[in-house]
Amino acid sequence: MTQVDKITLEQLKEMAEKTFGEIVKANVDVTREIIVVDAELHADIEQFMLDNGSRQEDLWGINLYPDQFGSPDFIEFDSMINIRPRQGNRSRYVEDAAVREKISKIVSGAIAYG
């Protein structure tokens with residue numbers, strides 16, 4: 001697992017190749033505006049982030065598809081950790097458009113170009 005300030009697309013591709021082939025699992029803390037990438041399970045990242053100051057209600061699991069960078073399919077808003085009926089999210093998908101937008105901005109800010 002790696003908390004990233006900046007990560008290159010090439011690094012994401014290398015992470016994907018070492019695990020699932022085409023995806024990198026990541027969690028985003030929408031309050032602290034941080035992203036942690038590269039674990040087998042979103043739950044593992046979630047625990048790491050909780051242990052390091054995040055609150056569960058601020059954490060959302062996503063999948064990144066490095067080969068889809070620049071397309072709407074780059075970020076998949078899908079994870080078991082996203083099922084939170086008490087927060088009005090009853091599925092694996094991040095249902096709130098404002099939260100998806102915030103996640104997208106945090107992820108975009110973490111991608112280093114060049």
# chains A, B, ... in the order shown; residues from 1 in each chain; ligands from 1

$ select_by_dssp --residues "region 37-72 of chain A" --states "strand (DSSP E or B)" --output "ChimeraX atom specification"
/A:37,59-64

$ write_last_selection --atoms "C-alpha atoms" --output "tab-separated table (two decimals), in the first residue's frame"
chain	number	residue	atom	x	y	z
A	37	VAL	CA	-3.30	2.70	-3.74
A	59	LEU	CA	-13.41	6.65	2.88
A	60	TRP	CA	-14.53	5.42	-0.52
A	61	GLY	CA	-13.19	2.49	-2.50
A	62	ILE	CA	-12.46	2.83	-6.19
A	63	ASN	CA	-10.67	0.97	-8.96
A	64	LEU	CA	-8.32	2.69	-11.38

$ closest_atom_pairs --of "region 72-104 of chain A" --to "region 10-30 of chain A" --cutoff "8 Å" --atoms "only C-alpha atoms" --output "JSON lines"
{"residue": "A:Val99", "atom": "CA", "partner": "A:Val30", "partner_atom": "CA", "distance": 7.6}
{"residue": "A:Lys102", "atom": "CA", "partner": "A:Val30", "partner_atom": "CA", "distance": 6.7}
{"residue": "A:Ile103", "atom": "CA", "partner": "A:Val30", "partner_atom": "CA", "distance": 6.5}

$ closest_residue --among "A:Ala98, A:Met1, A:Ala43, A:Ile34" --to "Ile83 (chain A)" --atoms "only C-alpha atoms"
A:Ala43

$ select_by_dssp --residues "chain A" --states "alpha helix (DSSP H)" --output "ChimeraX atom specification"
/A:9-18,42-51,97-110

$ closest_residue --among "A:Ala110, A:Arg90, A:Glu95, A:Arg32" --to "Gly53 (chain A)" --atoms "only C-alpha atoms"
A:Arg32

$ residues_around --residues "Ile7 (chain A)" --least-positions-apart "2" --cutoff "7 Å" --atoms "only C-alpha atoms" --output "list in words"
Val4, Asp5, Leu9, Gln11, Ala110, Ile111 and Ala112 of chain A

$ write_last_selection --atoms "N, CA and C atoms" --output "short mmCIF file (atom, residue, chain, number, x, y, z; two decimals), in the first residue's frame"
data_model
loop_
_atom_site.label_atom_id
_atom_site.label_comp_id
_atom_site.auth_asym_id
_atom_site.auth_seq_id
_atom_site.Cartn_x
_atom_site.Cartn_y
_atom_site.Cartn_z
N VAL A 4 -0.24 8.31 -1.74
CA VAL A 4 0.45 9.06 -2.77
C VAL A 4 0.05 10.53 -2.77
N ASP A 5 1.06 11.37 -2.98
CA ASP A 5 0.80 12.78 -3.28
C ASP A 5 0.74 12.90 -4.79
N LEU A 9 1.30 7.69 -14.37
CA LEU A 9 0.49 6.69 -15.04
C LEU A 9 1.29 5.40 -15.21
N GLN A 11 3.61 4.25 -13.22
CA GLN A 11 3.63 3.55 -11.93
C GLN A 11 2.32 2.81 -11.70
N ALA A 110 -3.65 13.73 -8.08
CA ALA A 110 -2.56 12.82 -7.70
C ALA A 110 -1.80 12.27 -8.90
N ILE A 111 -2.34 12.46 -10.10
CA ILE A 111 -1.67 11.93 -11.30
C ILE A 111 -0.63 12.93 -11.76
N ALA A 112 0.63 12.50 -11.77
CA ALA A 112 1.74 13.35 -12.22
C ALA A 112 1.92 13.15 -13.72
#

$ closest_residue --among "A:Ala39, A:Asn89, A:Ile75, A:Phe69" --to "Glu57 (chain A)" --atoms "only C-alpha atoms"
A:Asn89

$ closest_residue --among "A:Gln3, A:Val36, A:Leu41, A:Arg100" --to "Met80 (chain A)" --atoms "only C-alpha atoms"
A:Leu41

$ atom_distance --atom1 "CA of Phe77 (chain A)" --atom2 "CA of Leu50 (chain A)"
19.7 Å

$ atom_distance --atom1 "CA of Pro66 (chain A)" --atom2 "CA of Asp44 (chain A)"
21.0 Å

$ closest_residue --among "A:Gln68, A:Ile81, A:Thr8, A:Glu40" --to "Gln56 (chain A)" --atoms "only C-alpha atoms"
A:Ile81

$ atom_distance --atom1 "CA of Tyr93 (chain A)" --atom2 "CA of Glu76 (chain A)"
8.4 Å
